[in-house]
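Okay, final36.cif now, which holds mmCIF, C-alpha atoms:
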data_final
loop_
_atom_site.group_PDB
_atom_site.id
_atom_site.type_symbol
_atom_site.label_atom_id
_atom_site.label_comp_id
_atom_site.auth_asym_id
_atom_site.auth_seq_id
_atom_site.Cartn_x
_atom_site.Cartn_y
_atom_site.Cartn_z
ATOM 1 C CA MET G 1 34.764 250.008 118.399
ATOM 2 C CA CYS G 2 31.301 248.484 117.945
ATOM 3 C CA TRP G 3 29.940 251.987 117.430
ATOM 4 C CA MET G 4 32.537 252.662 114.735
ATOM 5 C CA ILE G 5 31.773 249.403 112.925
ATOM 6 C CA ARG G 6 28.052 250.164 113.021
ATOM 7 C CA ARG G 7 28.754 253.649 111.687
ATOM 8 C CA ILE G 8 30.759 252.290 108.758
ATOM 9 C CA ILE G 9 28.057 249.746 107.926
ATOM 10 C CA LYS G 10 25.354 252.415 108.075
ATOM 11 C CA TYR G 11 27.328 254.791 105.868
ATOM 12 C CA THR G 12 28.020 252.040 103.335
ATOM 13 C CA GLY G 13 24.323 251.167 103.256
ATOM 14 C CA HIS G 14 23.438 254.832 102.852
ATOM 15 C CA GLN G 15 25.750 255.133 99.846
ATOM 16 C CA PHE G 16 24.412 251.920 98.319
ATOM 17 C CA HIS G 17 20.775 253.054 98.503
ATOM 18 C CA LEU G 18 21.332 256.553 97.174
ATOM 19 C CA ARG G 19 18.834 257.521 94.499
ATOM 20 C CA HIS G 20 19.851 261.133 94.036
ATOM 21 C CA ARG G 21 23.593 261.448 93.642
ATOM 22 C CA ARG G 22 24.471 265.135 93.553
ATOM 23 C CA GLY G 23 20.786 265.931 93.024
ATOM 24 C CA ARG G 24 20.209 263.837 89.923
ATOM 25 C CA GLY G 25 16.638 262.642 89.559
ATOM 26 C CA ILE G 26 15.053 265.368 91.711
ATOM 27 C CA HIS G 27 12.111 266.624 89.662
ATOM 28 C CA SER G 28 10.909 269.373 91.996
ATOM 29 C CA PRO G 29 12.424 272.607 90.584
ATOM 30 C CA CYS G 30 12.798 274.329 93.955
ATOM 31 C CA MET G 31 14.385 271.277 95.585
ATOM 32 C CA PHE G 32 16.770 270.765 92.675
ATOM 33 C CA GLU G 33 17.748 274.436 92.823
ATOM 34 C CA LEU G 34 18.403 274.096 96.543
ATOM 35 C CA VAL G 35 20.545 270.984 96.117
ATOM 36 C CA HIS G 36 22.411 272.434 93.139
ATOM 37 C CA ASN G 37 23.099 275.897 94.555
ATOM 38 C CA VAL G 38 23.291 275.320 98.304
ATOM 39 C CA LEU G 39 24.499 271.763 98.868
ATOM 40 C CA PHE G 40 26.907 271.646 95.942
ATOM 41 C CA ASN G 41 27.574 275.382 95.888
ATOM 42 C CA ALA G 42 27.082 276.032 92.182
ATOM 43 C CA GLN G 43 27.267 279.769 92.901
ATOM 44 C CA GLY G 44 30.712 279.469 94.475
ATOM 45 C CA ILE G 45 29.770 281.054 97.813
ATOM 46 C CA ARG G 46 32.772 281.176 100.133
ATOM 47 C CA VAL G 47 32.779 281.285 103.907
ATOM 48 C CA PRO G 48 34.589 284.387 105.248
ATOM 49 C CA GLU G 49 38.264 283.591 105.697
ATOM 50 C CA GLU G 50 38.160 284.841 109.295
ATOM 51 C CA ILE G 51 35.685 282.093 110.229
ATOM 52 C CA ARG G 52 37.786 279.447 108.503
ATOM 53 C CA ARG G 53 40.925 280.720 110.227
ATOM 54 C CA ILE G 54 39.294 280.553 113.673
ATOM 55 C CA HIS G 55 38.037 277.038 112.975
ATOM 56 C CA ARG G 56 41.533 275.908 111.972
ATOM 57 C CA GLU G 57 43.056 277.489 115.080
ATOM 58 C CA LEU G 58 40.586 275.765 117.388
ATOM 59 C CA ARG G 59 41.280 272.412 115.742
ATOM 60 C CA ARG G 60 44.901 272.792 116.896
ATOM 61 C CA ASP G 61 44.218 274.292 120.331
ATOM 62 C CA ARG G 62 45.298 271.861 123.063
ATOM 63 C CA THR G 63 44.034 274.064 125.887
ATOM 64 C CA VAL G 64 41.927 272.190 128.420
ATOM 65 C CA ILE G 65 38.450 273.680 128.645
ATOM 66 C CA PRO G 66 38.894 275.663 131.885
ATOM 67 C CA GLU G 67 36.940 275.854 135.119
ATOM 68 C CA GLU G 68 34.244 278.504 135.557
ATOM 69 C CA ARG G 69 36.396 281.123 137.322
ATOM 70 C CA LEU G 70 39.232 280.935 134.826
ATOM 71 C CA LEU G 71 36.739 280.918 131.999
ATOM 72 C CA TYR G 72 35.038 284.027 133.335
ATOM 73 C CA ARG G 73 38.297 285.976 133.302
ATOM 74 C CA ALA G 74 39.104 284.698 129.806
ATOM 75 C CA ALA G 75 35.660 285.632 128.535
ATOM 76 C CA VAL G 76 35.897 289.190 129.843
ATOM 77 C CA SER G 77 39.452 289.722 128.605
ATOM 78 C CA LYS G 78 38.690 288.388 125.121
ATOM 79 C CA ALA G 79 35.359 290.161 124.848
ATOM 80 C CA GLY G 80 36.762 293.594 125.610
ATOM 81 C CA SER G 81 34.667 296.265 127.243
ATOM 82 C CA GLY G 82 31.342 295.426 125.598
ATOM 83 C CA GLU G 83 28.628 295.392 128.246
ATOM 84 C CA ALA G 84 26.697 292.589 126.554
ATOM 85 C CA CYS G 85 29.747 290.338 126.450
ATOM 86 C CA ARG G 86 30.656 291.093 130.059
ATOM 87 C CA ALA G 87 27.088 290.474 131.211
ATOM 88 C CA GLU G 88 26.975 287.138 129.404
ATOM 89 C CA ALA G 89 30.267 286.018 130.922
ATOM 90 C CA ASP G 90 29.124 287.132 134.370
ATOM 91 C CA ALA G 91 25.845 285.252 134.006
ATOM 92 C CA ASN G 92 27.670 282.089 133.028
ATOM 93 C CA ARG G 93 30.050 282.432 135.982
ATOM 94 C CA THR G 94 27.139 282.826 138.407
ATOM 95 C CA ARG G 95 25.346 279.819 136.989
ATOM 96 C CA GLY G 96 28.528 277.790 137.087
ATOM 97 C CA ARG G 97 28.876 278.381 140.838
ATOM 98 C CA ARG G 98 25.371 277.068 141.386
ATOM 99 C CA ASP G 99 25.645 274.004 139.218
ATOM 100 C CA ARG G 100 28.840 272.220 138.283
ATOM 101 C CA GLN G 101 27.644 269.421 136.021
ATOM 102 C CA THR G 102 28.848 266.862 133.536
ATOM 103 C CA ASP G 103 27.788 266.731 129.905
ATOM 104 C CA PRO G 104 23.957 266.969 129.948
ATOM 105 C CA GLY G 105 23.537 265.302 126.566
ATOM 106 C CA ALA G 106 24.588 261.945 125.187
ATOM 107 C CA GLY G 107 28.251 262.938 125.334
ATOM 108 C CA SER G 108 31.068 262.093 122.959
ATOM 109 C CA ARG G 109 31.772 258.596 121.690
ATOM 110 C CA VAL G 110 35.307 259.636 120.782
ATOM 111 C CA ASP G 111 36.569 261.241 124.003
ATOM 112 C CA ARG G 112 35.069 260.144 127.337
ATOM 113 C CA SER G 113 37.597 261.939 129.563
ATOM 114 C CA ALA G 114 36.333 264.269 132.280
ATOM 115 C CA GLU G 115 38.363 267.224 130.955
ATOM 116 C CA ARG G 116 38.556 267.717 127.207
ATOM 117 C CA THR G 117 40.802 270.004 125.240
ATOM 118 C CA VAL G 118 39.409 272.500 122.774
ATOM 119 C CA ARG G 119 41.098 270.505 120.008
ATOM 120 C CA SER G 120 39.434 267.271 121.112
ATOM 121 C CA PHE G 121 35.986 268.819 121.317
ATOM 122 C CA VAL G 122 36.203 270.629 117.982
ATOM 123 C CA ARG G 123 37.448 267.531 116.166
ATOM 124 C CA GLY G 124 35.127 265.062 117.850
ATOM 125 C CA SER G 125 31.906 266.939 118.591
ATOM 126 C CA SER G 126 31.692 270.097 116.476
ATOM 127 C CA VAL G 127 30.663 270.264 112.837
ATOM 128 C CA PRO G 128 33.540 269.728 110.368
ATOM 129 C CA MET G 129 34.528 272.672 108.205
ATOM 130 C CA ARG G 130 32.696 271.241 105.194
ATOM 131 C CA TYR G 131 29.402 271.031 107.060
ATOM 132 C CA GLY G 132 29.988 274.386 108.706
ATOM 133 C CA ALA G 133 30.253 275.872 105.224
ATOM 134 C CA LEU G 134 26.982 274.156 104.335
ATOM 135 C CA LEU G 135 25.263 275.710 107.366
ATOM 136 C CA TYR G 136 26.619 279.077 106.265
ATOM 137 C CA ARG G 137 25.162 278.637 102.762
ATOM 138 C CA ILE G 138 21.811 277.428 104.127
ATOM 139 C CA ALA G 139 21.553 280.524 106.320
ATOM 140 C CA ARG G 140 22.451 282.783 103.383
ATOM 141 C CA TRP G 141 20.013 281.071 101.035
ATOM 142 C CA PHE G 142 16.908 281.163 103.247
ATOM 143 C CA HIS G 143 17.288 284.627 104.825
ATOM 144 C CA PRO G 144 15.539 283.593 108.069
ATOM 145 C CA ASP G 145 13.964 286.120 110.406
ATOM 146 C CA MET G 146 15.612 284.285 113.310
ATOM 147 C CA VAL G 147 18.222 281.562 113.739
ATOM 148 C CA LEU G 148 17.857 279.101 116.605
ATOM 149 C CA GLU G 149 20.487 276.594 117.685
ATOM 150 C CA LEU G 150 20.065 273.830 120.244
ATOM 151 C CA GLY G 151 23.503 272.684 121.352
ATOM 152 C CA THR G 152 26.029 275.523 121.143
ATOM 153 C CA GLY G 153 29.085 273.460 122.010
ATOM 154 C CA LEU G 154 32.098 275.752 121.755
ATOM 155 C CA GLY G 155 30.357 277.963 119.205
ATOM 156 C CA ILE G 156 31.744 276.593 115.915
ATOM 157 C CA SER G 157 28.404 275.966 114.206
ATOM 158 C CA THR G 158 27.143 279.182 115.800
ATOM 159 C CA LEU G 159 29.867 281.122 113.974
ATOM 160 C CA TYR G 160 28.854 279.710 110.600
ATOM 161 C CA LEU G 161 25.117 280.222 111.124
ATOM 162 C CA ALA G 162 25.414 283.746 112.509
ATOM 163 C CA SER G 163 27.806 284.785 109.735
ATOM 164 C CA GLY G 164 25.431 283.422 107.103
ATOM 165 C CA ALA G 165 22.469 285.407 108.461
ATOM 166 C CA PRO G 166 24.014 288.616 109.826
ATOM 167 C CA GLY G 167 20.727 290.519 109.756
ATOM 168 C CA ALA G 168 18.783 288.006 111.837
ATOM 169 C CA PRO G 169 18.857 287.654 115.624
ATOM 170 C CA MET G 170 20.212 284.305 116.768
ATOM 171 C CA HIS G 171 19.541 282.376 119.960
ATOM 172 C CA SER G 172 21.751 279.437 120.890
ATOM 173 C CA VAL G 173 21.049 277.143 123.853
ATOM 174 C CA GLU G 174 23.729 275.110 125.627
ATOM 175 C CA GLY G 175 23.354 272.876 128.667
ATOM 176 C CA HIS G 176 27.023 272.854 129.711
ATOM 177 C CA THR G 177 28.359 275.796 131.716
ATOM 178 C CA GLU G 178 31.951 275.937 130.509
ATOM 179 C CA ARG G 179 31.085 275.471 126.856
ATOM 180 C CA ALA G 180 28.401 278.147 126.956
ATOM 181 C CA ALA G 181 30.817 280.695 128.399
ATOM 182 C CA TYR G 182 33.571 279.707 125.968
ATOM 183 C CA ALA G 183 31.171 280.142 123.044
ATOM 184 C CA ALA G 184 30.012 283.522 124.382
ATOM 185 C CA SER G 185 33.594 284.788 124.559
ATOM 186 C CA LEU G 186 34.379 283.484 121.070
ATOM 187 C CA LEU G 187 31.328 285.139 119.511
ATOM 188 C CA CYS G 188 31.996 288.436 121.259
ATOM 189 C CA ARG G 189 35.575 288.368 119.993
ATOM 190 C CA CYS G 190 34.230 287.895 116.452
ATOM 191 C CA GLY G 191 31.827 290.816 116.817
ATOM 192 C CA LEU G 192 28.670 288.742 116.305
ATOM 193 C CA GLU G 193 26.522 290.840 118.595
ATOM 194 C CA GLN G 194 23.228 289.480 117.255
ATOM 195 C CA VAL G 195 23.844 286.136 119.003
ATOM 196 C CA SER G 196 22.468 285.416 122.474
ATOM 197 C CA ILE G 197 23.804 282.360 124.316
ATOM 198 C CA HIS G 198 21.349 280.788 126.750
ATOM 199 C CA TRP G 199 22.706 278.412 129.380
ATOM 200 C CA GLY G 200 20.456 275.888 131.087
ATOM 201 C CA GLU G 201 18.155 272.930 130.705
ATOM 202 C CA MET G 202 17.303 272.586 127.017
ATOM 203 C CA ASP G 203 13.545 271.981 127.234
ATOM 204 C CA ARG G 204 12.952 274.849 129.633
ATOM 205 C CA LYS G 205 15.062 277.300 127.646
ATOM 206 C CA LEU G 206 13.369 276.323 124.390
ATOM 207 C CA GLU G 207 9.939 276.804 125.935
ATOM 208 C CA ASP G 208 11.035 280.233 127.198
ATOM 209 C CA LEU G 209 12.146 281.194 123.690
ATOM 210 C CA LEU G 210 9.062 279.901 121.864
ATOM 211 C CA PRO G 211 7.013 283.147 122.074
ATOM 212 C CA GLN G 212 9.875 285.023 120.380
ATOM 213 C CA ILE G 213 10.255 282.621 117.454
ATOM 214 C CA PRO G 214 8.761 283.929 114.181
ATOM 215 C CA GLY G 215 7.233 281.698 111.536
ATOM 216 C CA ARG G 216 10.228 282.037 109.216
ATOM 217 C CA PHE G 217 13.150 280.634 111.174
ATOM 218 C CA LEU G 218 16.165 278.412 110.670
ATOM 219 C CA ALA G 219 16.808 275.906 113.465
ATOM 220 C CA PHE G 220 19.875 273.718 113.933
ATOM 221 C CA ILE G 221 19.517 270.872 116.440
ATOM 222 C CA ASP G 222 22.745 269.340 117.732
ATOM 223 C CA ALA G 223 21.777 268.695 121.327
ATOM 224 C CA ASN G 224 20.664 265.633 123.277
ATOM 225 C CA HIS G 225 21.269 262.724 120.894
ATOM 226 C CA HIS G 226 18.383 260.570 122.105
ATOM 227 C CA ASP G 227 15.087 259.933 120.380
ATOM 228 C CA GLU G 228 12.594 261.342 122.888
ATOM 229 C CA PRO G 229 14.319 264.721 123.425
ATOM 230 C CA THR G 230 14.907 265.110 119.679
ATOM 231 C CA LEU G 231 11.254 264.410 118.893
ATOM 232 C CA ARG G 232 10.219 266.832 121.615
ATOM 233 C CA TYR G 233 12.449 269.635 120.305
ATOM 234 C CA VAL G 234 11.129 269.269 116.764
ATOM 235 C CA ARG G 235 7.519 269.160 117.984
ATOM 236 C CA LEU G 236 8.009 272.380 119.941
ATOM 237 C CA LEU G 237 9.556 274.087 116.927
ATOM 238 C CA LEU G 238 6.751 272.924 114.648
ATOM 239 C CA SER G 239 4.259 274.588 116.981
ATOM 240 C CA ARG G 240 5.753 277.946 115.919
ATOM 241 C CA ALA G 241 6.795 277.135 112.368
ATOM 242 C CA GLY G 242 5.417 278.716 109.236
ATOM 243 C CA GLU G 243 5.792 277.271 105.755
ATOM 244 C CA GLU G 244 9.161 278.970 105.236
ATOM 245 C CA ALA G 245 10.761 277.498 108.354
ATOM 246 C CA VAL G 246 13.697 275.117 107.914
ATOM 247 C CA ILE G 247 14.947 272.666 110.548
ATOM 248 C CA VAL G 248 18.371 271.008 110.348
ATOM 249 C CA LEU G 249 19.240 267.990 112.497
ATOM 250 C CA HIS G 250 22.813 266.895 113.103
ATOM 251 C CA ASP G 251 23.943 263.265 113.486
ATOM 252 C CA ILE G 252 20.734 261.617 112.307
ATOM 253 C CA TYR G 253 22.525 258.236 112.188
ATOM 254 C CA TRP G 254 24.562 258.766 115.363
ATOM 255 C CA SER G 255 22.716 255.943 117.123
ATOM 256 C CA PRO G 256 19.729 253.634 116.559
ATOM 257 C CA GLU G 257 17.699 256.082 118.659
ATOM 258 C CA MET G 258 18.573 259.032 116.430
ATOM 259 C CA GLU G 259 17.859 257.029 113.288
ATOM 260 C CA LYS G 260 14.493 256.014 114.729
ATOM 261 C CA ALA G 261 13.709 259.640 115.588
ATOM 262 C CA TRP G 262 14.660 260.803 112.079
ATOM 263 C CA LYS G 263 12.431 258.217 110.396
ATOM 264 C CA GLU G 264 9.515 259.141 112.633
ATOM 265 C CA ILE G 265 9.944 262.870 112.052
ATOM 266 C CA ILE G 266 9.954 262.626 108.252
ATOM 267 C CA SER G 267 6.734 260.588 108.430
ATOM 268 C CA TRP G 268 4.857 263.432 110.144
ATOM 269 C CA PRO G 269 2.337 265.207 107.890
ATOM 270 C CA GLU G 270 3.833 268.628 108.691
ATOM 271 C CA ILE G 271 7.122 267.606 107.067
ATOM 272 C CA ARG G 272 6.645 268.008 103.331
ATOM 273 C CA ALA G 273 10.194 267.256 102.175
ATOM 274 C CA SER G 274 13.523 266.225 103.628
ATOM 275 C CA LEU G 275 17.140 265.845 102.568
ATOM 276 C CA ASP G 276 19.126 262.999 104.114
ATOM 277 C CA LEU G 277 22.874 263.725 103.897
ATOM 278 C CA PHE G 278 23.749 260.999 106.430
ATOM 279 C CA HIS G 279 25.492 263.401 108.819
ATOM 280 C CA LEU G 280 22.753 266.027 108.488
ATOM 281 C CA GLY G 281 19.018 265.919 107.885
ATOM 282 C CA ILE G 282 17.136 268.963 106.559
ATOM 283 C CA LEU G 283 13.363 269.387 106.965
ATOM 284 C CA PHE G 284 11.042 271.565 104.856
ATOM 285 C CA LEU G 285 7.437 272.521 105.578
ATOM 286 C CA ARG G 286 6.197 274.237 102.411
ATOM 287 C CA LYS G 287 2.717 272.958 101.619
ATOM 288 C CA ASP G 288 3.174 273.376 97.866
ATOM 289 C CA LEU G 289 5.764 270.580 97.956
ATOM 290 C CA GLN G 290 4.685 267.028 97.370
ATOM 291 C CA LYS G 291 5.611 264.627 100.148
ATOM 292 C CA MET G 292 9.156 263.599 99.207
ATOM 293 C CA HIS G 293 12.339 262.499 100.911
ATOM 294 C CA PHE G 294 15.727 262.434 99.230
ATOM 295 C CA LYS G 295 18.994 260.737 100.123
ATOM 296 C CA ILE G 296 21.803 262.855 98.743
ATOM 297 C CA ASN G 297 25.437 261.909 98.202
ATOM 298 C CA TYR G 298 27.050 264.914 99.866
#
I'd like the structure from this file rewritten - as structure tokens, please.
Amino acid sequence: MCWMIRRIIKYTGHQFHLRHRRGRGIHSPCMFELVHNVLFNAQGIRVPEEIRRIHRELRRDRTVIPEERLLYRAAVSKAGSGEACRAEADANRTRGRRDRQTDPGAGSRVDRSAERTVRSFVRGSSVPMRYGALLYRIARWFHPDMVLELGTGLGISTLYLASGAPGAPMHSVEGHTERAAYAASLLCRCGLEQVSIHWGEMDRKLEDLLPQIPGRFLAFIDANHHDEPTLRYVRLLLSRAGEEAVIVLHDIYWSPEMEKAWKEIISWPEIRASLDLFHLGILFLRKDLQKMHFKINY
């Protein structure tokens, strides 16, 4: 309850201090174009109906997220005969036998039960449909050479990002066995073969992926909601980032720690511009931009 009250107060304060409602007052042409066309969808870009349908179905699915063995069978049956899908499900089953763990991140403030339903997770921990559509438009707008996601969850945000950048390889890292396998089966069922799900400890997996990351990438961070890990993830990504890289952080006001991390990140000299949407923060690195930070009423 205290968390909810704090959240309401923070959101009210965010709305009160807005200087750029719907992009008004942004003088940088490229930033205004981004806000106008991507955030507020002036071009009328629509998310594929199949993605929206799957999202709606999962919001109603009361199935308990199953144990590793059951999940392995479900992953293989849903994925079909594709070798990549079967290999991913098999890898997740093997890892699950070695390490049966609880949520490796900060967890959910809404549902603290040991076993969560798909419905509960999608409603409480995944991106809402509106923000999923925004991720889809961001991916379409920037045409990244690679998409990277930290915190796969059940694969909802992964669906939007991968669909928005179908020509780019995507790597998504998840620290929870069951969720990683569930996401792998979902993505295989949707035919998004360019996505690779990596299960394991977030820092180690990110370090393993670093040599593969090109300068022009889109990263979505929805992982460990604490300040030190968040700062560490962004620092690692900046070590590979070119000027065209874009980094999106979820839940930047989720806790005092996340708010502190967000304020520190946007003060770094590498970050040339940022958009604060309350639920999301977007970072830009282009050196031709003047140092500027915008709070947007989205």
Given the file shown, determine the residues that the PyMOL selection byres ((chain G and resi 282) around 6) selects; report them as a list in words.
Ile247, Val248, Ser274, Leu275, Gly281 and Leu283 of chain G
Output file for the residues above (C-alpha atoms, as a PDB file, in the frame of the given file):
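That gives us result26.pdb:
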ATOM      1  CA  ILE G 247      14.947 272.666 110.548  1.00  0.00           C
ATOM      2  CA  VAL G 248      18.371 271.008 110.348  1.00  0.00           C
ATOM      3  CA  SER G 274      13.523 266.225 103.628  1.00  0.00           C
ATOM      4  CA  LEU G 275      17.140 265.845 102.568  1.00  0.00           C
ATOM      5  CA  GLY G 281      19.018 265.919 107.885  1.00  0.00           C
ATOM      6  CA  LEU G 283      13.363 269.387 106.965  1.00  0.00           C
TER       7      LEU G 283
END
Can you spell out as a PyMOL selection string the set of residues that the PyMOL selection byres ((chain G and resi 118) around 12) selects in the structure I just provided?
chain G and resi 55-66+111+115-117+119-126+153-156+178-179+182-183
Quick one, how far is atom CA of Arg232 of chain G from atom CA of Lys291 of chain G?
22.1 Å
Around all of segment 266-282 of chain G's listed atoms, make the axis-aligned box with 4 Å on each side and tell me centre and edge lengths in Å to one decimal, as AutoDock Vina command-line options.
--center_x 13.9 --center_y 264.8 --center_z 106.2 --size_x 31.2 --size_y 16.4 --size_z 16.0
As a check of understanding, name the residues that the PyMOL selection byres ((chain G and resi 251) around 9) selects in the supplied structure, as JSON, numbers by chain.
{"G": [222, 225, 249, 250, 252, 253, 254, 255, 258, 259, 278, 279, 280, 281]}
Any chance you could export the current selection's C-alpha atoms as a PDB file, in the coordinates of the input?
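Saved result, part08.pdb, follows:
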ATOM      1  CA  ASP G 222      22.745 269.340 117.732  1.00  0.00           C
ATOM      2  CA  HIS G 225      21.269 262.724 120.894  1.00  0.00           C
ATOM      3  CA  LEU G 249      19.240 267.990 112.497  1.00  0.00           C
ATOM      4  CA  HIS G 250      22.813 266.895 113.103  1.00  0.00           C
ATOM      5  CA  ILE G 252      20.734 261.617 112.307  1.00  0.00           C
ATOM      6  CA  TYR G 253      22.525 258.236 112.188  1.00  0.00           C
ATOM      7  CA  TRP G 254      24.562 258.766 115.363  1.00  0.00           C
ATOM      8  CA  SER G 255      22.716 255.943 117.123  1.00  0.00           C
ATOM      9  CA  MET G 258      18.573 259.032 116.430  1.00  0.00           C
ATOM     10  CA  GLU G 259      17.859 257.029 113.288  1.00  0.00           C
ATOM     11  CA  PHE G 278      23.749 260.999 106.430  1.00  0.00           C
ATOM     12  CA  HIS G 279      25.492 263.401 108.819  1.00  0.00           C
ATOM     13  CA  LEU G 280      22.753 266.027 108.488  1.00  0.00           C
ATOM     14  CA  GLY G 281      19.018 265.919 107.885  1.00  0.00           C
TER      15      GLY G 281
END
Which polymer residues have any atom within 8 Å of an atom of Glu201 of chain G, counting all atoms listed in the file, with same-chain residues fewer than 3 positions away left out, as a compact mmCIF listing (two decimals) with C-alpha atoms, in the coordinates of the input?
# COMPACT_ATOMS: atom_id res chain seq x y z
CA GLU G 174 23.73 275.11 125.63
CA GLY G 175 23.35 272.88 128.67
CA ARG G 204 12.95 274.85 129.63
CA LYS G 205 15.06 277.30 127.65
My list of candidates is G:Ser157, G:Ile296, G:Gly242, G:Val173. Which is closest to Asp208 of chain G when distances are computed with all atoms listed in the file?
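The shortest atom-to-atom distance to Asp208 of chain G comes from G:Val173.
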By how many Å are atom CA of Ser239 of chain G and atom CA of Leu210 of chain G apart?
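Atom CA of Ser239 of chain G sits 8.7 Å away from atom CA of Leu210 of chain G.
Comparing the minimum interatomic distances between Ala273 of chain G and each of G:Ile9, G:Leu218, G:Met31, G:Leu148, counting only C-alpha atoms, we find that G:Met31 sits nearest.
Of the listed residues (G:Val195, G:Ala245, G:Ile265, G:Leu159), G:Ala245 comes nearest to Phe284 of chain G; the distances count all atoms listed in the file.
Closest to Leu150 of chain G among G:Glu193, G:Glu244, G:Glu270, G:Glu207 is G:Glu207, based on all atoms listed in the file.
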Pick out the closest residue to Arg286 of chain G from this set: G:Pro48, G:His176, G:Lys10, G:Cys30. Count all atoms listed in the file.
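Closest candidate: G:Cys30.
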Atomic distance atom CA of Glu149 of chain G - atom CA of Pro29 of chain G, expressed in Å with one decimal:
28.6 Å
Got a sec: who's within 9 Å of Ser196 of chain G, counting all atoms listed in the file, leaving out chain neighbours fewer than 6 positions off, as a list in words?
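Everything that qualifies: Glu88, Pro169, Met170, His171, Ser172, Val173 and Ala184 of chain G.
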What would the file look like if the residues just selected were written as a compact mmCIF listing (two decimals), in the coordinates of the input with C-alpha atoms?
# COMPACT_ATOMS: atom_id res chain seq x y z
CA GLU G 88 26.98 287.14 129.40
CA PRO G 169 18.86 287.65 115.62
CA MET G 170 20.21 284.30 116.77
CA HIS G 171 19.54 282.38 119.96
CA SER G 172 21.75 279.44 120.89
CA VAL G 173 21.05 277.14 123.85
CA ALA G 184 30.01 283.52 124.38
Which residue out of G:Leu186, G:Ala241, G:Leu277, G:Ile26 has the minimum interatomic distance to Met292 of chain G when only C-alpha atoms are used?
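Distance minimum relative to Met292 of chain G lands on G:Ile26.
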